[in-house]
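For reference, the structure is listed below as structure tokens.
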Amino acid sequence: MKLIEFYATRGLRIVKGENQYVWDDKGRRYLDLHAGHGVAFLGHRNKIVLEYLERQMSEIITLTTAFDTPIREEMLNEMEKIKPDDLDNVFLLNSGSEAVELALKTARKITGKRKLIAFKNSFHGRTSGSLSVTWNKRYREPFEPLLEPVEFLEFNSIEDLKKIDENTAAVIVEPVQGEGGVIPAKEDFMKALRETTQEKGVLLIVDEVQTGFGRTGKVWAYQHFGIKPDIMTAGKAIGGGFPVSAVFMPDWIAEKLSEGDHGTTYGGNPFAAAAVTGAIKALLTDNVPEQARVKGEIFMKMLNEALADFKSVREVRGLGLMIGVDLRLNPGKAIKYLQDHGVLSLKAGVSTIRFLSPYMITQEDMELAVNATRQGVAITEGKTVSS
Ligand SMILES: Cc1ncc(COP(=O)(O)O)c(C=O)c1O
């Protein structure tokens, strides 16, 4: 049997993961700043998440949410501590794309409108609905027609927000565009977006699948901008490695949804609830958002200093531990160099090396990553530099 290769192979056979590291079958250790597309933000095999999963495994693993369970009650209580403002209602699914699907369906149902607005460079997933609001034509075109109408506006352009009209059901936005190139939103843009959507009676969906759960230095990245979403999606880090995602919404929206409007076989089962409960405990016990804020600043400063002399480096940018090094050249060679020298990273957009570090990254780890990035960029430029 062969696996369908939707992803180019990295040529590594990984046999173990622990905190910020993974090991290959030759016993070689890697600093994992790829983190399974950012999932392992709480580290691989986070101790608290494991405790919750092990305990749950000895009780019950699967049930649909038609049945109440003690672990679900515990999860909902924990969620109170990190809930996004007045978004008091949550539904669990299995992936970021699925969370986006429910957010879009909800917006269309409760407004009765059809049009959706997203931004250039956005990424919201690859299922048909979430793909409709994903910018990259290469992902979209082979599968069209998708949801219609969808309009893509210029990200960070207040001027372009004028195109949001009353016929729009929702605008969906990433506080930091992840897959698109690690591009943080500007505060005045996010404020203007919130104001315009409110004025026009349009719902604002904030997609925190990549930015959420502490990575940017706050539990939810929208909190950097002094705004509040109407609907919020989360995923990746929230299950500490277990596949789980969530959609949050306030009472006035949740009340307009009825039985049968959505569903899922696995979503929110006791095992998923245990993973999320453990992950929230881990997030709060270790003051993870603050660690991400402080370490992110240090890491970005180190990268900026180390890369200042390189013509091919356009910008080092990001928020917290969501960091991109944008090049004027293809970053593939540098990413390969990093991997060969013990650091896993990933590409974003067409020109960005992306680091999605677990929060427990150390000063020594950062030095390793920065040095390898310098060498990798030098090689991309056709030079060599001393370490
Ligand atoms: C902002 C955002 N939304 C949605 C998704 C889709 O998530 P998944 O791959 O879990 O379906 C991603 C994945 O990278 C993402 O970054």
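Convention: chains lettered A, B, ... in structure tokens order; per-chain residue numbering from 1; ligands numbered from 1 as shown.
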
Please run DSSP on the backbone and report, as a PyMOL selection string, all residues within segment 43-251 of chain A that come out as helix (DSSP H, G or I).
chain A and resi 47-57+70-80+96-111+128-132+137-143+159-163+187-200+221-224+236-239+251

Output file for the selection above: C-alpha atoms, as a compact mmCIF listing (two decimals), in the first residue's frame:
```
# COMPACT_ATOMS: atom_id res chain seq x y z
CA LYS A 47 3.29 15.63 30.36
CA ILE A 48 -0.02 17.09 31.49
CA VAL A 49 -1.76 16.23 28.19
CA LEU A 50 -0.41 12.66 28.46
CA GLU A 51 -1.70 12.33 32.03
CA TYR A 52 -5.19 13.34 30.89
CA LEU A 53 -5.11 11.04 27.86
CA GLU A 54 -3.84 8.08 29.89
CA ARG A 55 -6.50 8.55 32.55
CA GLN A 56 -9.22 8.91 29.91
CA MET A 57 -7.99 5.81 28.07
CA PRO A 70 -17.35 14.03 33.47
CA ILE A 71 -14.42 14.90 31.22
CA ARG A 72 -16.61 17.10 29.05
CA GLU A 73 -17.79 18.96 32.16
CA GLU A 74 -14.19 19.38 33.27
CA MET A 75 -13.17 20.62 29.80
CA LEU A 76 -15.97 23.21 29.71
CA ASN A 77 -14.94 24.44 33.17
CA GLU A 78 -11.32 24.77 32.06
CA MET A 79 -12.39 26.58 28.90
CA GLU A 80 -14.09 29.24 31.05
CA GLY A 96 -8.99 23.40 11.47
CA SER A 97 -10.76 23.07 8.13
CA GLU A 98 -13.78 21.53 9.79
CA ALA A 99 -13.92 24.37 12.30
CA VAL A 100 -13.88 26.86 9.42
CA GLU A 101 -16.67 24.89 7.70
CA LEU A 102 -18.90 25.24 10.74
CA ALA A 103 -18.05 28.92 11.13
CA LEU A 104 -19.01 29.62 7.50
CA LYS A 105 -22.17 27.53 7.67
CA THR A 106 -23.19 29.32 10.86
CA ALA A 107 -22.63 32.75 9.29
CA ARG A 108 -24.71 31.87 6.25
CA LYS A 109 -27.51 30.31 8.25
CA ILE A 110 -27.95 33.02 10.83
CA THR A 111 -27.62 35.98 8.45
CA SER A 128 -14.62 22.60 -0.07
CA GLY A 129 -16.04 25.38 2.13
CA SER A 130 -12.75 26.35 3.77
CA LEU A 131 -11.00 26.12 0.39
CA SER A 132 -13.47 28.65 -1.03
CA LYS A 137 -5.51 29.61 -6.80
CA ARG A 138 -3.41 26.48 -7.22
CA TYR A 139 -5.29 24.90 -4.30
CA ARG A 140 -8.69 26.19 -5.41
CA GLU A 141 -8.99 26.08 -9.17
CA PRO A 142 -8.97 22.30 -9.80
CA PHE A 143 -12.01 22.00 -7.51
CA GLU A 159 -9.14 51.33 1.85
CA ASP A 160 -10.19 47.92 0.52
CA LEU A 161 -12.56 47.40 3.47
CA LYS A 162 -14.97 49.75 1.67
CA LYS A 163 -15.85 46.76 -0.50
CA GLU A 187 -3.83 47.07 14.59
CA ASP A 188 -5.57 49.93 12.75
CA PHE A 189 -6.60 47.50 10.02
CA MET A 190 -8.14 45.04 12.48
CA LYS A 191 -9.95 47.89 14.27
CA ALA A 192 -11.28 49.24 10.98
CA LEU A 193 -12.33 45.74 9.95
CA ARG A 194 -14.25 45.31 13.20
CA GLU A 195 -15.93 48.70 12.80
CA THR A 196 -16.89 48.17 9.17
CA THR A 197 -18.31 44.70 9.74
CA GLN A 198 -20.34 46.01 12.68
CA GLU A 199 -21.67 48.96 10.68
CA LYS A 200 -22.69 46.76 7.74
CA ALA A 221 -4.12 36.62 18.89
CA TYR A 222 -7.14 38.91 18.34
CA GLN A 223 -6.51 40.15 21.90
CA HIS A 224 -3.50 42.08 20.56
CA LYS A 236 -3.68 22.80 15.96
CA ALA A 237 -2.21 23.40 19.46
CA ILE A 238 -5.45 23.09 21.45
CA GLY A 239 -5.27 19.29 21.79
CA ASP A 251 -25.30 33.12 22.83
```

Test item: residues lying within 7 Å of ligand 1 with only C-alpha atoms and all ligand atoms, as a list in words
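So the residues close to ligand 1 are His37, Ser95, Gly96, Ser97, Glu98, Val100, Phe123, His124, Gly125, Arg126, Glu174, Gln177, Gly178, Glu179, Asp207, Glu208, Val209, Gln210, Gly235 and Lys236 of chain A.
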
Go ahead and write the selection's residues with N, CA and C atoms as a compact mmCIF listing (two decimals), in the first residue's frame.
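Wrote it out as out15.txt, contents follow:
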```txt
# COMPACT_ATOMS: atom_id res chain seq x y z
N HIS A 37 3.23 21.26 11.60
CA HIS A 37 2.47 22.45 11.18
C HIS A 37 1.98 23.26 12.38
N SER A 95 -10.49 19.05 12.92
CA SER A 95 -9.42 19.72 12.19
C SER A 95 -9.78 21.19 12.01
N GLY A 96 -8.77 21.98 11.69
CA GLY A 96 -8.99 23.40 11.47
C GLY A 96 -9.99 23.65 10.35
N SER A 97 -9.85 22.89 9.26
CA SER A 97 -10.76 23.07 8.13
C SER A 97 -12.21 22.84 8.55
N GLU A 98 -12.41 21.82 9.34
CA GLU A 98 -13.78 21.53 9.79
C GLU A 98 -14.33 22.66 10.66
N VAL A 100 -13.54 25.78 10.35
CA VAL A 100 -13.88 26.86 9.42
C VAL A 100 -15.20 26.54 8.71
N PHE A 123 -5.18 31.56 4.27
CA PHE A 123 -5.31 30.10 4.23
C PHE A 123 -6.29 29.70 5.32
N HIS A 124 -7.37 29.00 4.91
CA HIS A 124 -8.36 28.58 5.90
C HIS A 124 -8.66 27.10 5.82
N GLY A 125 -7.96 26.37 4.93
CA GLY A 125 -8.17 24.92 4.88
C GLY A 125 -8.43 24.42 3.49
N ARG A 126 -8.66 23.11 3.39
CA ARG A 126 -8.73 22.49 2.07
C ARG A 126 -10.01 21.67 1.83
N GLU A 174 -7.33 35.94 9.39
CA GLU A 174 -6.31 35.41 10.31
C GLU A 174 -5.59 36.61 10.94
N GLN A 177 -1.40 36.05 9.18
CA GLN A 177 -1.54 35.07 8.10
C GLN A 177 -0.38 34.08 8.21
N GLY A 178 -0.72 32.81 8.38
CA GLY A 178 0.31 31.80 8.63
C GLY A 178 0.87 31.21 7.35
N GLU A 179 0.07 30.37 6.71
CA GLU A 179 0.52 29.71 5.48
C GLU A 179 0.90 30.73 4.41
N ASP A 207 -10.09 33.51 12.42
CA ASP A 207 -9.57 32.15 12.32
C ASP A 207 -8.25 32.07 13.08
N GLU A 208 -8.33 31.45 14.27
CA GLU A 208 -7.16 31.35 15.15
C GLU A 208 -6.60 29.92 15.15
N VAL A 209 -6.84 29.19 14.07
CA VAL A 209 -6.36 27.80 14.02
C VAL A 209 -4.84 27.76 14.22
N GLN A 210 -4.14 28.69 13.59
CA GLN A 210 -2.68 28.70 13.72
C GLN A 210 -2.20 29.66 14.82
N GLY A 235 -7.64 25.45 16.58
CA GLY A 235 -7.26 24.07 16.21
C GLY A 235 -5.81 23.83 16.60
N LYS A 236 -5.10 23.11 15.78
CA LYS A 236 -3.68 22.80 15.96
C LYS A 236 -3.28 22.55 17.42
```

Counting only C-alpha atoms, the residue of A:Ile183, A:Met232, A:Ala306, A:Ala246 that sits nearest Asp326 of chain A:
A:Ile183

What's around Val15 of chain A at 9 Å? Count only C-alpha atoms, leave out sequence neighbours fewer than 5 positions away in its own chain, and write the answer as a list of chain:residue names.
A:Val22, A:Trp23, A:Asp24, A:Asp25, A:Gly27

Give me a file of those residues, with C-alpha atoms, as a PDB file, in the first residue's frame.
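part.pdb, written as the output of this step:
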```pdb
ATOM      1  CA  VAL A  22      12.240  14.830  17.688  1.00  0.00           C
ATOM      2  CA  TRP A  23      14.637  11.993  16.878  1.00  0.00           C
ATOM      3  CA  ASP A  24      15.126  10.078  13.650  1.00  0.00           C
ATOM      4  CA  ASP A  25      15.753   6.357  13.258  1.00  0.00           C
ATOM      5  CA  GLY A  27      19.264   8.532  16.761  1.00  0.00           C
TER       6      GLY A  27
END
```

Min atom-atom distance to Asp230 of chain A from the set A:Ile379, A:Val350, A:Ala282, A:Ile172, counting only C-alpha atoms, belongs to A:Ile172

If you count only C-alpha atoms, which residues fall within 10 Å of Glu315 of chain A, apart from same-chain ones fewer than 5 positions away, as a list in words?
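Using only C-alpha atoms, the neighbours found are Leu303, Asn304, Leu307, Ala308, Gly324, Val325, Asp326, Leu327, Arg328 and Thr352 of chain A.
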
I need the chosen residues saved as an mmCIF file, in the first residue's frame, with N, CA and C atoms.
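Output contents, as saved in again19.cif:
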```cif
data_model
loop_
_atom_site.group_PDB
_atom_site.id
_atom_site.type_symbol
_atom_site.label_atom_id
_atom_site.label_comp_id
_atom_site.auth_asym_id
_atom_site.auth_seq_id
_atom_site.Cartn_x
_atom_site.Cartn_y
_atom_site.Cartn_z
ATOM 1 N N LEU A 303 17.410 36.807 15.324
ATOM 2 C CA LEU A 303 17.356 36.569 13.867
ATOM 3 C C LEU A 303 17.647 37.867 13.108
ATOM 4 N N ASN A 304 17.025 38.944 13.568
ATOM 5 C CA ASN A 304 17.236 40.237 12.907
ATOM 6 C C ASN A 304 18.709 40.611 12.917
ATOM 7 N N LEU A 307 20.866 38.312 10.659
ATOM 8 C CA LEU A 307 20.588 38.314 9.217
ATOM 9 C C LEU A 307 20.676 39.716 8.596
ATOM 10 N N ALA A 308 21.086 40.682 9.428
ATOM 11 C CA ALA A 308 21.073 42.080 8.977
ATOM 12 C C ALA A 308 21.890 42.307 7.706
ATOM 13 N N GLY A 324 8.545 34.433 10.875
ATOM 14 C CA GLY A 324 8.922 34.162 9.493
ATOM 15 C C GLY A 324 10.158 34.955 9.103
ATOM 16 N N VAL A 325 11.018 34.321 8.315
ATOM 17 C CA VAL A 325 12.147 35.029 7.708
ATOM 18 C C VAL A 325 11.843 35.071 6.216
ATOM 19 N N ASP A 326 11.482 36.267 5.748
ATOM 20 C CA ASP A 326 11.064 36.385 4.349
ATOM 21 C C ASP A 326 12.278 36.696 3.476
ATOM 22 N N LEU A 327 12.457 35.890 2.446
ATOM 23 C CA LEU A 327 13.627 36.033 1.565
ATOM 24 C C LEU A 327 13.215 36.599 0.206
ATOM 25 N N ARG A 328 14.211 37.088 -0.496
ATOM 26 C CA ARG A 328 13.977 37.479 -1.896
ATOM 27 C C ARG A 328 14.253 36.293 -2.809
ATOM 28 N N THR A 352 9.095 32.437 2.369
ATOM 29 C CA THR A 352 9.330 32.622 3.808
ATOM 30 C C THR A 352 9.704 31.312 4.515
#
```

Which of A:Ile61, A:Val276, A:Leu329, A:Val150 sits closest to Val133 of chain A [using only C-alpha atoms]
A:Val150

Nearest residue to Asn19 of chain A out of A:Phe271, A:Phe41, A:Phe91, A:Phe213, using only C-alpha atoms?
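Result for the nearest residue to Asn19 of chain A: A:Phe41.
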
Using backbone DSSP assignments, extract all strand (DSSP E) residues from segment 266-353 of chain A; output them as an MDAnalysis selection string.
chainID A and resid 313:319 322:327 343:344 346:348 352:353

Export of the given selection (C-alpha atoms) as a PDB file, in the first residue's frame:
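Wrote selection.pdb, looks like this:
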```pdb
ATOM      1  CA  VAL A 313      16.571  38.775   3.579  1.00  0.00           C
ATOM      2  CA  ARG A 314      13.577  41.021   3.022  1.00  0.00           C
ATOM      3  CA  GLU A 315      12.211  40.920   6.557  1.00  0.00           C
ATOM      4  CA  VAL A 316      12.062  39.016   9.833  1.00  0.00           C
ATOM      5  CA  ARG A 317       8.495  39.308  11.074  1.00  0.00           C
ATOM      6  CA  GLY A 318       5.914  37.676  13.285  1.00  0.00           C
ATOM      7  CA  LEU A 319       4.175  37.798  16.623  1.00  0.00           C
ATOM      8  CA  MET A 322       5.088  32.623  15.169  1.00  0.00           C
ATOM      9  CA  ILE A 323       8.053  33.867  13.168  1.00  0.00           C
ATOM     10  CA  GLY A 324       8.922  34.162   9.493  1.00  0.00           C
ATOM     11  CA  VAL A 325      12.147  35.029   7.708  1.00  0.00           C
ATOM     12  CA  ASP A 326      11.064  36.385   4.349  1.00  0.00           C
ATOM     13  CA  LEU A 327      13.627  36.033   1.565  1.00  0.00           C
ATOM     14  CA  VAL A 343      16.548  22.231  12.878  1.00  0.00           C
ATOM     15  CA  LEU A 344      13.136  21.536  11.343  1.00  0.00           C
ATOM     16  CA  LEU A 346       8.665  24.957   7.189  1.00  0.00           C
ATOM     17  CA  LYS A 347       7.879  27.141   4.252  1.00  0.00           C
ATOM     18  CA  ALA A 348       5.187  29.807   4.256  1.00  0.00           C
ATOM     19  CA  THR A 352       9.330  32.622   3.808  1.00  0.00           C
ATOM     20  CA  ILE A 353      11.091  30.291   6.242  1.00  0.00           C
TER      21      ILE A 353
END
```

The residue from A:Pro289, A:Gly382, A:Pro84, A:Gly11 with the smallest atom-to-atom distance to Gln339 of chain A, counting only C-alpha atoms, is A:Gly11

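Using only C-alpha atoms, the residues found no farther than 7 Å from Tyr337 of chain A, other than those of its own chain fewer than 4 positions away, are A:Lys333, A:His341, A:Gly376.
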
Go ahead and save the residues from that selection, with N, CA and C atoms, as a PDB file, in the first residue's frame.
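Listing of result_20.pdb after writing:
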```pdb
ATOM      1  N   LYS A 333      16.271  25.877  -0.175  1.00  0.00           N
ATOM      2  CA  LYS A 333      17.648  25.466   0.139  1.00  0.00           C
ATOM      3  C   LYS A 333      17.979  25.710   1.612  1.00  0.00           C
ATOM      4  N   HIS A 341      21.146  20.344   9.468  1.00  0.00           N
ATOM      5  CA  HIS A 341      21.923  20.773  10.636  1.00  0.00           C
ATOM      6  C   HIS A 341      21.089  20.779  11.910  1.00  0.00           C
ATOM      7  N   GLY A 376      22.256  28.824   6.294  1.00  0.00           N
ATOM      8  CA  GLY A 376      21.340  28.395   5.236  1.00  0.00           C
ATOM      9  C   GLY A 376      21.051  29.522   4.252  1.00  0.00           C
TER      10      GLY A 376
END
```

Which residues, written as a list of chain:residue names, have at least one atom at most 6 Å from Asn89 of chain A, with only C-alpha atoms counted and residues fewer than 4 positions away on the same chain left out?
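Within the cut-off, the hits are A:Phe248, A:Met249, A:Pro250.
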
Go ahead and save the residues from that selection, with C-alpha atoms, as a PDB file, in the first residue's frame.
```
ATOM      1  CA  PHE A 248     -16.595  29.530  19.605  1.00  0.00           C
ATOM      2  CA  MET A 249     -19.632  31.805  19.360  1.00  0.00           C
ATOM      3  CA  PRO A 250     -21.795  34.003  21.628  1.00  0.00           C
TER       4      PRO A 250
END
```
